[in-house]
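Trainee: What follows is final39.tsv, TSV, C-alpha atoms.
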```
chain	number	residue	atom	x	y	z
A	1	MET	CA	10.80	3.25	173.92
A	2	PHE	CA	13.57	3.99	176.48
A	3	HIS	CA	17.22	5.03	176.36
A	4	ILE	CA	19.70	2.82	178.22
A	5	VAL	CA	22.81	4.79	179.13
A	6	LEU	CA	26.02	3.02	180.14
A	7	VAL	CA	28.54	5.40	181.66
A	8	GLU	CA	32.07	4.10	181.16
A	9	PRO	CA	31.19	0.42	180.73
A	10	GLU	CA	34.06	-1.97	181.44
A	11	ILE	CA	32.90	-5.50	180.60
A	12	PRO	CA	32.18	-6.30	176.95
A	13	GLN	CA	29.80	-9.16	177.68
A	14	ASN	CA	27.54	-6.90	179.75
A	15	THR	CA	27.33	-4.36	176.94
A	16	GLY	CA	26.60	-7.13	174.45
A	17	ASN	CA	23.82	-8.51	176.62
A	18	ILE	CA	22.34	-5.05	177.09
A	19	ALA	CA	22.47	-4.50	173.33
A	20	ARG	CA	20.44	-7.69	172.94
A	21	THR	CA	17.87	-6.34	175.43
A	22	CYS	CA	17.75	-3.11	173.42
A	23	ALA	CA	17.16	-5.04	170.21
A	24	ALA	CA	14.30	-7.00	171.79
A	25	THR	CA	12.62	-3.93	173.29
A	26	GLY	CA	13.36	-1.10	170.86
A	27	CYS	CA	15.51	0.82	173.33
A	28	VAL	CA	18.36	3.09	172.26
A	29	LEU	CA	21.79	2.22	173.69
A	30	HIS	CA	24.07	5.11	174.72
A	31	LEU	CA	27.72	4.41	175.55
A	32	VAL	CA	29.59	7.17	177.37
A	33	LYS	CA	33.39	7.11	177.03
A	34	PRO	CA	35.83	6.06	178.17
A	35	ILE	CA	34.76	2.55	177.28
A	36	GLY	CA	36.88	-0.23	178.78
A	37	PHE	CA	36.99	-2.24	175.54
A	38	ASP	CA	36.74	-1.90	171.78
A	39	ILE	CA	33.06	-1.99	170.84
A	40	SER	CA	33.95	-4.06	167.81
A	41	ASP	CA	35.46	-6.63	170.21
A	42	LYS	CA	34.32	-10.16	169.42
A	43	GLN	CA	33.17	-10.72	173.02
A	44	VAL	CA	30.74	-7.78	172.71
A	45	ARG	CA	29.51	-9.06	169.37
A	46	ARG	CA	29.18	-12.62	170.65
A	47	ALA	CA	27.11	-11.55	173.68
A	48	GLY	CA	24.81	-9.51	171.45
A	49	LEU	CA	24.60	-12.37	168.94
A	50	ASP	CA	23.29	-11.20	165.61
A	51	TYR	CA	21.08	-8.51	167.15
A	52	TRP	CA	23.48	-5.58	166.65
A	53	ARG	CA	21.83	-4.61	163.37
A	54	PHE	CA	18.62	-3.94	165.31
A	55	VAL	CA	20.23	-1.63	167.88
A	56	ASP	CA	20.51	2.15	167.70
A	57	VAL	CA	23.90	2.65	169.40
A	58	ARG	CA	25.08	6.17	170.18
A	59	VAL	CA	28.58	6.80	171.50
A	60	HIS	CA	29.34	9.96	173.50
A	61	GLU	CA	32.80	11.34	174.25
A	62	ASN	CA	31.86	12.18	177.86
A	63	LEU	CA	28.94	12.87	180.18
A	64	ASP	CA	28.80	16.55	179.27
A	65	GLU	CA	28.29	15.68	175.60
A	66	PHE	CA	25.65	13.12	176.51
A	67	PHE	CA	23.69	15.55	178.71
A	68	ALA	CA	23.89	18.24	176.02
A	69	GLU	CA	22.28	15.84	173.54
A	70	ALA	CA	19.71	14.61	176.06
A	71	GLU	CA	18.81	18.09	177.34
A	72	GLY	CA	15.25	18.22	178.58
A	73	GLY	CA	15.09	14.45	179.03
A	74	ARG	CA	13.82	12.58	182.06
A	75	PHE	CA	16.49	10.58	183.87
A	76	HIS	CA	16.54	7.64	186.27
A	77	PHE	CA	19.94	7.07	187.85
A	78	PHE	CA	20.38	3.50	189.07
A	79	THR	CA	22.55	3.25	192.16
A	80	THR	CA	22.96	1.18	195.30
A	81	LYS	CA	23.22	4.46	197.20
A	82	SER	CA	19.54	5.40	196.85
A	83	THR	CA	16.77	4.45	199.29
A	84	ARG	CA	14.04	4.82	196.64
A	85	CYS	CA	12.97	1.58	195.00
A	86	TYR	CA	13.01	1.50	191.20
A	87	VAL	CA	9.33	0.44	191.05
A	88	ASP	CA	8.34	3.65	192.83
A	89	ALA	CA	9.58	5.76	189.92
A	90	GLU	CA	7.28	6.67	187.06
A	91	TYR	CA	8.68	5.66	183.67
A	92	ARG	CA	7.57	7.33	180.46
A	93	GLU	CA	8.47	6.63	176.86
A	94	GLY	CA	11.74	8.34	176.01
A	95	ASP	CA	13.13	8.27	179.56
A	96	TYR	CA	16.84	7.69	180.10
A	97	LEU	CA	17.86	4.79	182.36
A	98	VAL	CA	21.40	5.59	183.47
A	99	PHE	CA	23.88	3.03	184.80
A	100	GLY	CA	27.48	3.44	185.95
A	101	LYS	CA	30.57	1.36	185.40
A	102	GLU	CA	30.58	-2.16	186.78
A	103	THR	CA	33.29	-1.60	189.40
A	104	ARG	CA	32.18	1.74	190.88
A	105	GLY	CA	28.74	2.70	189.65
A	106	LEU	CA	27.87	6.32	188.95
A	107	GLU	CA	30.00	9.11	190.36
A	108	GLU	CA	28.84	10.55	193.69
A	109	GLU	CA	28.90	14.08	192.24
A	110	LEU	CA	26.28	13.11	189.63
A	111	LEU	CA	24.05	11.42	192.19
A	112	VAL	CA	24.18	14.41	194.54
A	113	LYS	CA	23.03	16.69	191.69
A	114	HIS	CA	20.00	14.46	190.99
A	115	PRO	CA	18.79	12.97	194.29
A	116	ASP	CA	15.13	12.80	193.25
A	117	GLU	CA	15.98	10.80	190.12
A	118	CYS	CA	18.07	8.15	191.91
A	119	VAL	CA	16.62	4.66	192.34
A	120	ARG	CA	17.86	1.29	193.51
A	121	ILE	CA	17.03	-2.33	192.89
A	122	PRO	CA	16.51	-4.04	196.28
A	123	MET	CA	18.84	-6.82	197.37
A	124	ILE	CA	19.33	-8.83	200.55
A	125	GLY	CA	22.20	-8.75	202.98
A	126	GLU	CA	25.59	-7.38	202.20
A	127	THR	CA	25.51	-7.94	198.44
A	128	ARG	CA	27.14	-5.05	196.64
A	129	SER	CA	25.23	-5.05	193.37
A	130	LEU	CA	23.59	-7.05	190.62
A	131	ASN	CA	25.18	-7.72	187.26
A	132	LEU	CA	24.89	-4.65	185.03
A	133	SER	CA	23.05	-6.41	182.22
A	134	ASN	CA	20.56	-7.90	184.69
A	135	SER	CA	19.97	-4.48	186.24
A	136	ALA	CA	19.36	-2.90	182.86
A	137	ALA	CA	16.85	-5.63	181.93
A	138	ILE	CA	15.02	-5.25	185.23
A	139	ALA	CA	14.77	-1.48	184.69
A	140	VAL	CA	13.63	-1.70	181.06
A	141	TYR	CA	10.94	-4.25	181.79
A	142	GLU	CA	9.58	-2.25	184.73
A	143	GLY	CA	9.31	0.75	182.41
A	144	LEU	CA	7.63	-1.41	179.77
A	145	ARG	CA	5.25	-2.87	182.35
A	146	GLN	CA	4.23	0.61	183.50
A	147	ASN	CA	3.52	1.48	179.87
A	148	ALA	CA	1.42	-1.67	179.21
A	149	PHE	CA	4.25	-3.21	177.15
A	150	ARG	CA	3.29	-0.84	174.36
A	151	GLY	CA	5.16	-1.59	171.15
A	152	LEU	CA	6.01	-5.20	171.94
A	153	SER	CA	4.57	-7.82	169.60
A	154	SER	CA	2.81	-9.91	172.24
A	155	ALA	CA	1.63	-7.01	174.42
A	156	GLY	CA	-2.01	-7.45	173.43
A	157	ASN	CA	-1.97	-11.12	174.40
A	158	LEU	CA	-0.34	-10.85	177.82
A	159	HIS	CA	-3.66	-10.93	179.67
A	160	ARG	CA	-4.61	-14.18	177.86
A	161	LEU	CA	-1.76	-16.25	179.24
A	162	HIS	CA	-3.06	-19.08	181.39
A	163	TRP	CA	-0.73	-21.59	182.99
A	164	GLN	CA	-1.99	-25.16	183.26
```
Translate the structure of the given file into structure tokens.
Mentor:
Amino acid sequence: MFHIVLVEPEIPQNTGNIARTCAATGCVLHLVKPIGFDISDKQVRRAGLDYWRFVDVRVHENLDEFFAEAEGGRFHFFTTKSTRCYVDAEYREGDYLVFGKETRGLEEELLVKHPDECVRIPMIGETRSLNLSNSAAIAVYEGLRQNAFRGLSSAGNLHRLHWQ
């Protein structure tokens, strides 16, 4: 459905959790080096549980290699530096949801090149950011919502849910 792109991820548990989200939603996971851990690390595997076999993981040597492979794609760059809310973007199947490293986010140079594709997840006060795996899940599920949850097993029954 979507491509989740992690640029220079640093925390293995976040990547494992995002892999689990990819497995549950059919998203492709892209990891752009340098990666701050060994992707065979047991913490990454533990966070992703036994879902790794369901995930299409693609590792890229650098951003240039990634963009060469994704040429012609539609991108959404998630950053705290944007004023545009993520729900105001239009998500289509095959879009790339791009996230930066946990400690610094995406590089300013990249954001300046793509101002119309930058979005943010709103937060209150002086909070710096949400957890990376939470942000990725929020983004994926907004994209899925906009596309009527197409491809998910319970999508046809969502309108029938009634809470007692």
Trainee: Counting only C-alpha atoms, figure out which residue out of A:Glu10, A:Ala148, A:Phe77, A:Asn17 gets nearest to Val119 of chain A.
Mentor: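 Counting only C-alpha atoms, the residue closest to Val119 of chain A is A:Phe77.
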Trainee: Give me the residues within 12 Å of Arg53 of chain A as a PyMOL selection string, counting all atoms listed in the file and dropping any in the same chain fewer than 6 places off.
Mentor: chain A and resi 19-20+22-24+26+45
Trainee: Could you name the residues that touch Asp56 of chain A at 8 Å or less, counting all atoms listed in the file, but leaving out those on the same chain fewer than 2 positions away, as a PyMOL selection string?
Mentor: chain A and resi 27-29+54+58
Trainee: Could you produce a table of the residues of segment 49-79 of chain A lying within 12 Å of segment 87-91 of chain A, with the nearest pair of atoms per residue and their separation in Å rounded to one decimal, using all atoms listed in the file, ordered by chain and increasing residue number, as a tab-separated table?
Mentor:
```
residue	atom	partner	partner_atom	distance
A:Gly73	CA	A:Tyr91	CA	11.8
A:Arg74	CA	A:Tyr91	CA	8.8
A:Phe75	CA	A:Tyr91	CA	9.2
A:His76	CA	A:Ala89	CA	8.1
A:Phe77	CA	A:Ala89	CA	10.6
A:Phe78	CA	A:Ala89	CA	11.1
```
Trainee: Which neighbours of Gly100 of chain A fall inside 8 Å, counting all atoms listed in the file, when residues of the same chain fewer than 4 positions from it are skipped, and could you give them as a list in words?
Mentor: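 In the requested form, the answer reads Leu6, Val7, Glu8, Pro9, Phe78, Thr79, Arg104, Gly105, Leu106 and Glu107 of chain A.
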Trainee: Atom CA of Ala136 of chain A and atom CA of Thr83 of chain A are how many Å apart?
Mentor: 18.2 Å
Trainee: Would you compute the distance between atom CA of Met123 of chain A and atom CA of Leu63 of chain A? Give it in Å to one decimal.
Mentor: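 So the answer is 28.0 Å.
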Trainee: When you look at Val5 of chain A with a cut-off of 6 Å (counting all atoms listed in the file), what residues show up, excluding the ones that are within fewer than 2 positions of it in the same chain? I need them as an MDAnalysis selection string.
Mentor: chainID A and resid 30 97:98
Trainee: Quick one, how far is atom CA of Tyr86 of chain A from atom CA of Ala68 of chain A?
Mentor: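 Atom CA of Ala68 of chain A lies at a distance of 25.1 Å from atom CA of Tyr86 of chain A.
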